[in-house]
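*Asks:* Supplied in structure tokens, the structure appears directly below.
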Amino acid sequence: MDESNAFVLFGTADLDATQPLRESLRRQGHDVSASVSSAELLEIARRRPPAVIVLDDGLESIGGQTLIRLLRGVCPEARIILLLPPGSHPDHELNQPLVCTLISPVSEQDLGVVISAAVRDHRPSRSAAPPVIFCVDDDALFLKSLVRILRRRGYSVVGFDSPEKVLEGIPIHKPSLVFIDVLMPGMNGLDLASELREEYGDKLPFVLLTAKSSDQEIADGYRTGARYYITKPCEPDRVINIADFLLKNLGPAEKELIGSKL
């Protein structure tokens, strides 16, 4: 790519702090944009995938490390520079070759050098962005395990501990599939499933998860429009097979084989 005309995107809670560096990058011939909103940042990246993203971990309440996984869904080739507050530790689940983690404060000169190196290292490909999957469960340990299984398969995954947060996140992150635990306090999984069915119809498939498996409960689940109903504890292969099948992440022969196992 032309190193003198790269698109560099800043996501920061303090635009004034990065303004001098952004102006310096523009003088070098780069296109530069910035946002203080995670939703706007994702929308900018969807419209035009950046070569480099400079991301403040304190951007809104979502957190930079969660936002990285969402950004990968829309611009998987972008080099991301994550700025963490003093005393922080990076998340080792992140794909380190695509992410540079720096501990603040970082001088304007040093950050400029890192951005220039990231621009030179950026090599866009024609590979499609991975689908975004939502997982919702009030059991923190199970949710973490489910999210990890799907991320290792290559999907961009966001975990939620309540159905209400899922409804808020859909317009922003545009998921392609939702895994929903049935038994949750307040608004339960069946309530969420019914709302998804009413709002999105067949455009947003969802899979129900539960520790219970009576015929009546399964029937209730399928009446909400669920594509599959999985009893906990879930076999990792079954979760992956269902995600692959619903998101068409397989060739025709593989689909036929996997479909017979679901």
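Quick note on naming: the chains in the structure tokens go A, B, ... in the order shown, residues restart at 1 in each chain, and ligands are numbered from 1 in order of appearance.
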Give me, as a short mmCIF file (atom, residue, chain, number, x, y, z; two decimals) with N, CA and C atoms, in the first residue's frame, the residues of segment 27-174 of chain A that a backbone DSSP run labels alpha helix (DSSP H).

*Replies:*
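Below is the file that was written, result.cif:
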data_model
loop_
_atom_site.label_atom_id
_atom_site.label_comp_id
_atom_site.auth_asym_id
_atom_site.auth_seq_id
_atom_site.Cartn_x
_atom_site.Cartn_y
_atom_site.Cartn_z
N ARG A 27 -0.08 16.03 7.99
CA ARG A 27 0.99 16.71 7.24
C ARG A 27 1.89 15.70 6.53
N SER A 38 -17.66 4.48 20.75
CA SER A 38 -17.37 3.16 20.21
C SER A 38 -18.28 2.83 19.04
N ALA A 39 -19.56 3.24 19.13
CA ALA A 39 -20.51 2.95 18.04
C ALA A 39 -20.08 3.67 16.77
N GLU A 40 -19.70 4.93 16.90
CA GLU A 40 -19.27 5.69 15.72
C GLU A 40 -17.95 5.13 15.17
N LEU A 41 -17.06 4.74 16.07
CA LEU A 41 -15.78 4.18 15.64
C LEU A 41 -16.00 2.94 14.79
N LEU A 42 -16.88 2.06 15.22
CA LEU A 42 -17.19 0.85 14.46
C LEU A 42 -17.81 1.18 13.12
N GLU A 43 -18.68 2.18 13.09
CA GLU A 43 -19.33 2.57 11.84
C GLU A 43 -18.33 3.15 10.85
N ILE A 44 -17.40 3.97 11.34
CA ILE A 44 -16.34 4.52 10.48
C ILE A 44 -15.51 3.38 9.89
N ALA A 45 -15.15 2.41 10.74
CA ALA A 45 -14.33 1.29 10.28
C ALA A 45 -15.06 0.42 9.28
N ARG A 46 -16.39 0.32 9.41
CA ARG A 46 -17.18 -0.44 8.44
C ARG A 46 -17.17 0.26 7.08
N ARG A 47 -17.33 1.56 7.11
CA ARG A 47 -17.39 2.31 5.85
C ARG A 47 -16.05 2.33 5.13
N GLY A 64 -11.34 -1.10 25.71
CA GLY A 64 -10.61 -1.27 24.47
C GLY A 64 -10.44 -2.70 24.04
N GLN A 65 -10.22 -3.62 25.00
CA GLN A 65 -9.93 -5.00 24.63
C GLN A 65 -11.17 -5.71 24.08
N THR A 66 -12.33 -5.34 24.58
CA THR A 66 -13.57 -5.87 24.00
C THR A 66 -13.80 -5.26 22.63
N LEU A 67 -13.56 -3.97 22.51
CA LEU A 67 -13.77 -3.28 21.25
C LEU A 67 -12.85 -3.81 20.16
N ILE A 68 -11.65 -4.24 20.51
CA ILE A 68 -10.73 -4.82 19.53
C ILE A 68 -11.38 -6.01 18.83
N ARG A 69 -12.04 -6.85 19.59
CA ARG A 69 -12.65 -8.05 19.00
C ARG A 69 -13.77 -7.68 18.05
N LEU A 70 -14.47 -6.60 18.36
CA LEU A 70 -15.53 -6.14 17.46
C LEU A 70 -14.93 -5.52 16.21
N LEU A 71 -13.86 -4.77 16.37
CA LEU A 71 -13.20 -4.15 15.22
C LEU A 71 -12.65 -5.20 14.28
N ARG A 72 -12.19 -6.30 14.83
CA ARG A 72 -11.68 -7.37 13.97
C ARG A 72 -12.77 -7.92 13.07
N GLY A 73 -14.00 -7.84 13.53
CA GLY A 73 -15.10 -8.31 12.70
C GLY A 73 -15.34 -7.48 11.47
N VAL A 74 -14.95 -6.20 11.51
CA VAL A 74 -15.19 -5.32 10.37
C VAL A 74 -13.91 -4.93 9.64
N GLU A 108 4.15 11.83 22.32
CA GLU A 108 3.67 12.01 20.95
C GLU A 108 4.68 11.46 19.95
N GLN A 109 5.95 11.70 20.20
CA GLN A 109 6.99 11.23 19.29
C GLN A 109 7.04 9.71 19.24
N ASP A 110 7.01 9.07 20.41
CA ASP A 110 7.08 7.61 20.45
C ASP A 110 5.85 6.98 19.80
N LEU A 111 4.68 7.54 20.07
CA LEU A 111 3.46 7.00 19.46
C LEU A 111 3.48 7.19 17.96
N GLY A 112 4.02 8.31 17.50
CA GLY A 112 4.15 8.54 16.06
C GLY A 112 5.04 7.50 15.40
N VAL A 113 6.11 7.12 16.07
CA VAL A 113 7.02 6.11 15.54
C VAL A 113 6.31 4.76 15.43
N VAL A 114 5.54 4.41 16.46
CA VAL A 114 4.81 3.13 16.45
C VAL A 114 3.77 3.12 15.34
N ILE A 115 3.06 4.23 15.15
CA ILE A 115 2.06 4.32 14.09
C ILE A 115 2.71 4.16 12.72
N SER A 116 3.84 4.82 12.50
CA SER A 116 4.55 4.71 11.22
C SER A 116 4.97 3.27 10.95
N ALA A 117 5.44 2.58 11.99
CA ALA A 117 5.83 1.18 11.82
C ALA A 117 4.61 0.31 11.51
N ALA A 118 3.49 0.60 12.15
CA ALA A 118 2.27 -0.17 11.90
C ALA A 118 1.77 0.05 10.48
N VAL A 119 1.88 1.27 9.98
CA VAL A 119 1.48 1.56 8.60
C VAL A 119 2.32 0.76 7.62
N ARG A 120 3.63 0.73 7.85
CA ARG A 120 4.52 -0.03 6.96
C ARG A 120 4.21 -1.52 7.00
N ASP A 121 3.78 -2.01 8.18
CA ASP A 121 3.53 -3.44 8.36
C ASP A 121 2.17 -3.88 7.84
N ALA A 140 -21.04 -16.61 34.66
CA ALA A 140 -19.82 -16.01 34.14
C ALA A 140 -18.82 -17.05 33.63
N LEU A 141 -18.67 -18.16 34.34
CA LEU A 141 -17.70 -19.18 33.93
C LEU A 141 -18.13 -19.86 32.63
N PHE A 142 -19.42 -20.19 32.53
CA PHE A 142 -19.90 -20.83 31.32
C PHE A 142 -19.80 -19.86 30.13
N LEU A 143 -20.15 -18.61 30.37
CA LEU A 143 -20.09 -17.61 29.30
C LEU A 143 -18.66 -17.46 28.78
N LYS A 144 -17.70 -17.40 29.69
CA LYS A 144 -16.30 -17.26 29.28
C LYS A 144 -15.86 -18.45 28.45
N SER A 145 -16.28 -19.65 28.85
CA SER A 145 -15.91 -20.85 28.11
C SER A 145 -16.53 -20.85 26.70
N LEU A 146 -17.81 -20.48 26.62
CA LEU A 146 -18.49 -20.46 25.33
C LEU A 146 -17.85 -19.45 24.39
N VAL A 147 -17.55 -18.28 24.91
CA VAL A 147 -16.91 -17.23 24.10
C VAL A 147 -15.56 -17.70 23.59
N ARG A 148 -14.79 -18.36 24.47
CA ARG A 148 -13.45 -18.82 24.08
C ARG A 148 -13.52 -19.87 22.97
N ILE A 149 -14.48 -20.79 23.08
CA ILE A 149 -14.64 -21.84 22.07
C ILE A 149 -14.87 -21.23 20.69
N LEU A 150 -15.75 -20.26 20.62
CA LEU A 150 -16.10 -19.67 19.32
C LEU A 150 -15.00 -18.76 18.80
N ARG A 151 -14.30 -18.06 19.69
CA ARG A 151 -13.19 -17.21 19.24
C ARG A 151 -12.06 -18.05 18.65
N ARG A 152 -11.80 -19.20 19.27
CA ARG A 152 -10.74 -20.05 18.75
C ARG A 152 -11.07 -20.59 17.37
N PRO A 163 -29.93 -10.22 28.98
CA PRO A 163 -30.60 -10.03 27.70
C PRO A 163 -30.76 -8.57 27.31
N GLU A 164 -30.94 -7.70 28.30
CA GLU A 164 -31.12 -6.28 28.00
C GLU A 164 -29.91 -5.71 27.28
N LYS A 165 -28.72 -6.13 27.68
CA LYS A 165 -27.50 -5.62 27.03
C LYS A 165 -27.40 -6.12 25.59
N VAL A 166 -27.92 -7.31 25.34
CA VAL A 166 -27.92 -7.84 23.97
C VAL A 166 -28.76 -6.96 23.06
N LEU A 167 -29.94 -6.60 23.51
CA LEU A 167 -30.82 -5.76 22.70
C LEU A 167 -30.20 -4.41 22.40
N GLU A 168 -29.47 -3.86 23.38
CA GLU A 168 -28.79 -2.59 23.17
C GLU A 168 -27.63 -2.72 22.19
N GLY A 169 -26.98 -3.88 22.20
CA GLY A 169 -25.78 -4.05 21.38
C GLY A 169 -26.02 -4.42 19.93
N ILE A 170 -27.19 -4.95 19.60
CA ILE A 170 -27.44 -5.42 18.23
C ILE A 170 -27.32 -4.32 17.18
N PRO A 171 -27.94 -3.14 17.37
CA PRO A 171 -27.81 -2.10 16.34
C PRO A 171 -26.38 -1.62 16.14
N ILE A 172 -25.56 -1.74 17.19
CA ILE A 172 -24.18 -1.26 17.10
C ILE A 172 -23.27 -2.28 16.44
N HIS A 173 -23.37 -3.54 16.86
CA HIS A 173 -22.39 -4.56 16.45
C HIS A 173 -22.88 -5.48 15.35
#

*Asks:* Work out how far apart atom CA of Pro105 of chain A and atom CA of Asp57 of chain A are and give it in Å to one decimal.

*Replies:*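 Atom-to-atom, atom CA of Pro105 of chain A to atom CA of Asp57 of chain A, that is 12.4 Å.
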
*Asks:* Tell me, in Å to one decimal, how far atom CA of Val99 of chain A is from atom CA of Leu25 of chain A.

*Replies:* 19.9 Å

*Asks:* Leu204 of chain A: which residues within 10 Å, counting only C-alpha atoms, same-chain residues fewer than 6 positions away excluded, as a PyMOL selection string?

*Replies:* chain A and resi 170+174-178+196-197

*Asks:* Those residues with N, CA and C atoms, as a JSON list (two decimals), in the first residue's frame please?

*Replies:*
[["chain", "number", "residue", "atom", "x", "y", "z"],
["A", 170, "ILE", "N", -27.19, -4.95, 19.60],
["A", 170, "ILE", "CA", -27.44, -5.42, 18.23],
["A", 170, "ILE", "C", -27.32, -4.32, 17.18],
["A", 174, "LYS", "N", -24.19, -5.46, 15.06],
["A", 174, "LYS", "CA", -24.76, -6.22, 13.94],
["A", 174, "LYS", "C", -24.32, -7.69, 13.94],
["A", 175, "PRO", "N", -24.70, -8.45, 14.95],
["A", 175, "PRO", "CA", -24.32, -9.87, 15.00],
["A", 175, "PRO", "C", -25.02, -10.69, 13.93],
["A", 176, "SER", "N", -24.42, -11.83, 13.61],
["A", 176, "SER", "CA", -25.01, -12.76, 12.64],
["A", 176, "SER", "C", -25.64, -13.96, 13.32],
["A", 177, "LEU", "N", -25.37, -14.14, 14.61],
["A", 177, "LEU", "CA", -25.89, -15.30, 15.35],
["A", 177, "LEU", "C", -25.85, -14.98, 16.84],
["A", 178, "VAL", "N", -26.84, -15.51, 17.59],
["A", 178, "VAL", "CA", -26.89, -15.29, 19.04],
["A", 178, "VAL", "C", -27.09, -16.63, 19.75],
["A", 196, "LEU", "N", -36.31, -11.08, 19.66],
["A", 196, "LEU", "CA", -35.47, -11.17, 18.46],
["A", 196, "LEU", "C", -36.28, -11.64, 17.27],
["A", 197, "ARG", "N", -37.12, -12.62, 17.52],
["A", 197, "ARG", "CA", -37.96, -13.17, 16.44],
["A", 197, "ARG", "C", -38.90, -12.10, 15.90]]

*Asks:* Just list as a list of chain:residue names whatever in segment 167-231 of chain A DSSP marks as strand (DSSP E).

*Replies:*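 Selecting the strand (DSSP E) positions of segment 167-231 of chain A gives A:Leu177, A:Val178, A:Phe179, A:Ile180, A:Asp181, A:Phe206, A:Val207, A:Leu208, A:Leu209, A:Thr210, A:Tyr228, A:Tyr229, A:Ile230, A:Thr231.
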
*Asks:* Using N, CA and C atoms, can you write the selected residues to a file as an mmCIF file, in the first residue's frame?

*Replies:*
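Ended up saving to result_10.cif:
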data_model
loop_
_atom_site.group_PDB
_atom_site.id
_atom_site.type_symbol
_atom_site.label_atom_id
_atom_site.label_comp_id
_atom_site.auth_asym_id
_atom_site.auth_seq_id
_atom_site.Cartn_x
_atom_site.Cartn_y
_atom_site.Cartn_z
ATOM 1 N N LEU A 177 -25.374 -14.142 14.614
ATOM 2 C CA LEU A 177 -25.890 -15.302 15.349
ATOM 3 C C LEU A 177 -25.850 -14.983 16.837
ATOM 4 N N VAL A 178 -26.843 -15.514 17.586
ATOM 5 C CA VAL A 178 -26.892 -15.293 19.037
ATOM 6 C C VAL A 178 -27.095 -16.627 19.751
ATOM 7 N N PHE A 179 -26.241 -16.906 20.747
ATOM 8 C CA PHE A 179 -26.432 -18.041 21.644
ATOM 9 C C PHE A 179 -27.050 -17.498 22.931
ATOM 10 N N ILE A 180 -28.192 -18.059 23.354
ATOM 11 C CA ILE A 180 -28.960 -17.503 24.466
ATOM 12 C C ILE A 180 -29.205 -18.554 25.545
ATOM 13 N N ASP A 181 -28.800 -18.255 26.778
ATOM 14 C CA ASP A 181 -29.164 -19.115 27.904
ATOM 15 C C ASP A 181 -30.629 -18.866 28.248
ATOM 16 N N PHE A 206 -30.880 -17.654 16.177
ATOM 17 C CA PHE A 206 -30.409 -17.799 17.549
ATOM 18 C C PHE A 206 -30.541 -19.246 17.993
ATOM 19 N N VAL A 207 -29.688 -19.599 18.960
ATOM 20 C CA VAL A 207 -29.627 -20.953 19.512
ATOM 21 C C VAL A 207 -29.855 -20.849 21.012
ATOM 22 N N LEU A 208 -30.724 -21.677 21.560
ATOM 23 C CA LEU A 208 -31.021 -21.653 22.988
ATOM 24 C C LEU A 208 -30.168 -22.668 23.745
ATOM 25 N N LEU A 209 -29.758 -22.281 24.950
ATOM 26 C CA LEU A 209 -28.936 -23.128 25.814
ATOM 27 C C LEU A 209 -29.632 -23.264 27.163
ATOM 28 N N THR A 210 -29.678 -24.457 27.725
ATOM 29 C CA THR A 210 -30.293 -24.611 29.036
ATOM 30 C C THR A 210 -29.818 -25.884 29.711
ATOM 31 N N TYR A 228 -31.735 -24.117 17.027
ATOM 32 C CA TYR A 228 -31.301 -25.309 17.756
ATOM 33 C C TYR A 228 -31.488 -25.079 19.240
ATOM 34 N N TYR A 229 -31.561 -26.174 19.986
ATOM 35 C CA TYR A 229 -31.744 -26.144 21.432
ATOM 36 C C TYR A 229 -30.678 -27.060 22.020
ATOM 37 N N ILE A 230 -29.720 -26.499 22.749
ATOM 38 C CA ILE A 230 -28.594 -27.279 23.270
ATOM 39 C C ILE A 230 -28.704 -27.406 24.781
ATOM 40 N N THR A 231 -28.525 -28.631 25.281
ATOM 41 C CA THR A 231 -28.538 -28.871 26.718
ATOM 42 C C THR A 231 -27.134 -28.717 27.291
#

*Asks:* For each of A:Asp191, A:Gln19, A:Ile133, A:Gly154, take the minimum atom-to-atom distance to Pro205 of chain A, counting only C-alpha atoms, then give the residue where this is smallest.

*Replies:*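 Looking only at the distances to Pro205 of chain A, the closest residue turns out to be A:Ile133.
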
*Asks:* What is the distance, in Å and to one decimal place, between atom CA of Gln28 of chain A and atom CA of Leu15 of chain A?

*Replies:*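 Result for atom CA of Gln28 of chain A versus atom CA of Leu15 of chain A: 19.4 Å, one decimal.
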
*Asks:* Skipping near chain neighbours, those fewer than 5 positions away, what residues fall within 9 Å of Asn5 of chain A using only C-alpha atoms, listed as a PyMOL selection string?

*Replies:* chain A and resi 28-31

*Asks:* Would you list the contacts of Pro85 of chain A as a list in words, taking every protein, DNA or RNA residue within 9 Å and counting only C-alpha atoms, but skipping same-chain residues closer than 4 positions in sequence?

*Replies:*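 Near neighbours after the sequence-gap exclusion: Asp56, Asp57, Gly58, Leu102, Ile103, Ser104 and Pro105 of chain A.
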
*Asks:* With C-alpha atoms retained, export the selected residues as a JSON list (two decimals), in the first residue's frame.

*Replies:*
[["chain", "number", "residue", "atom", "x", "y", "z"],
["A", 56, "ASP", "CA", -7.75, 4.21, 24.11],
["A", 57, "ASP", "CA", -8.73, 1.43, 26.53],
["A", 58, "GLY", "CA", -10.86, 3.96, 28.41],
["A", 102, "LEU", "CA", 1.40, 0.35, 25.08],
["A", 103, "ILE", "CA", 1.15, 1.51, 28.68],
["A", 104, "SER", "CA", 0.27, 5.18, 29.04],
["A", 105, "PRO", "CA", 1.58, 7.80, 29.16]]
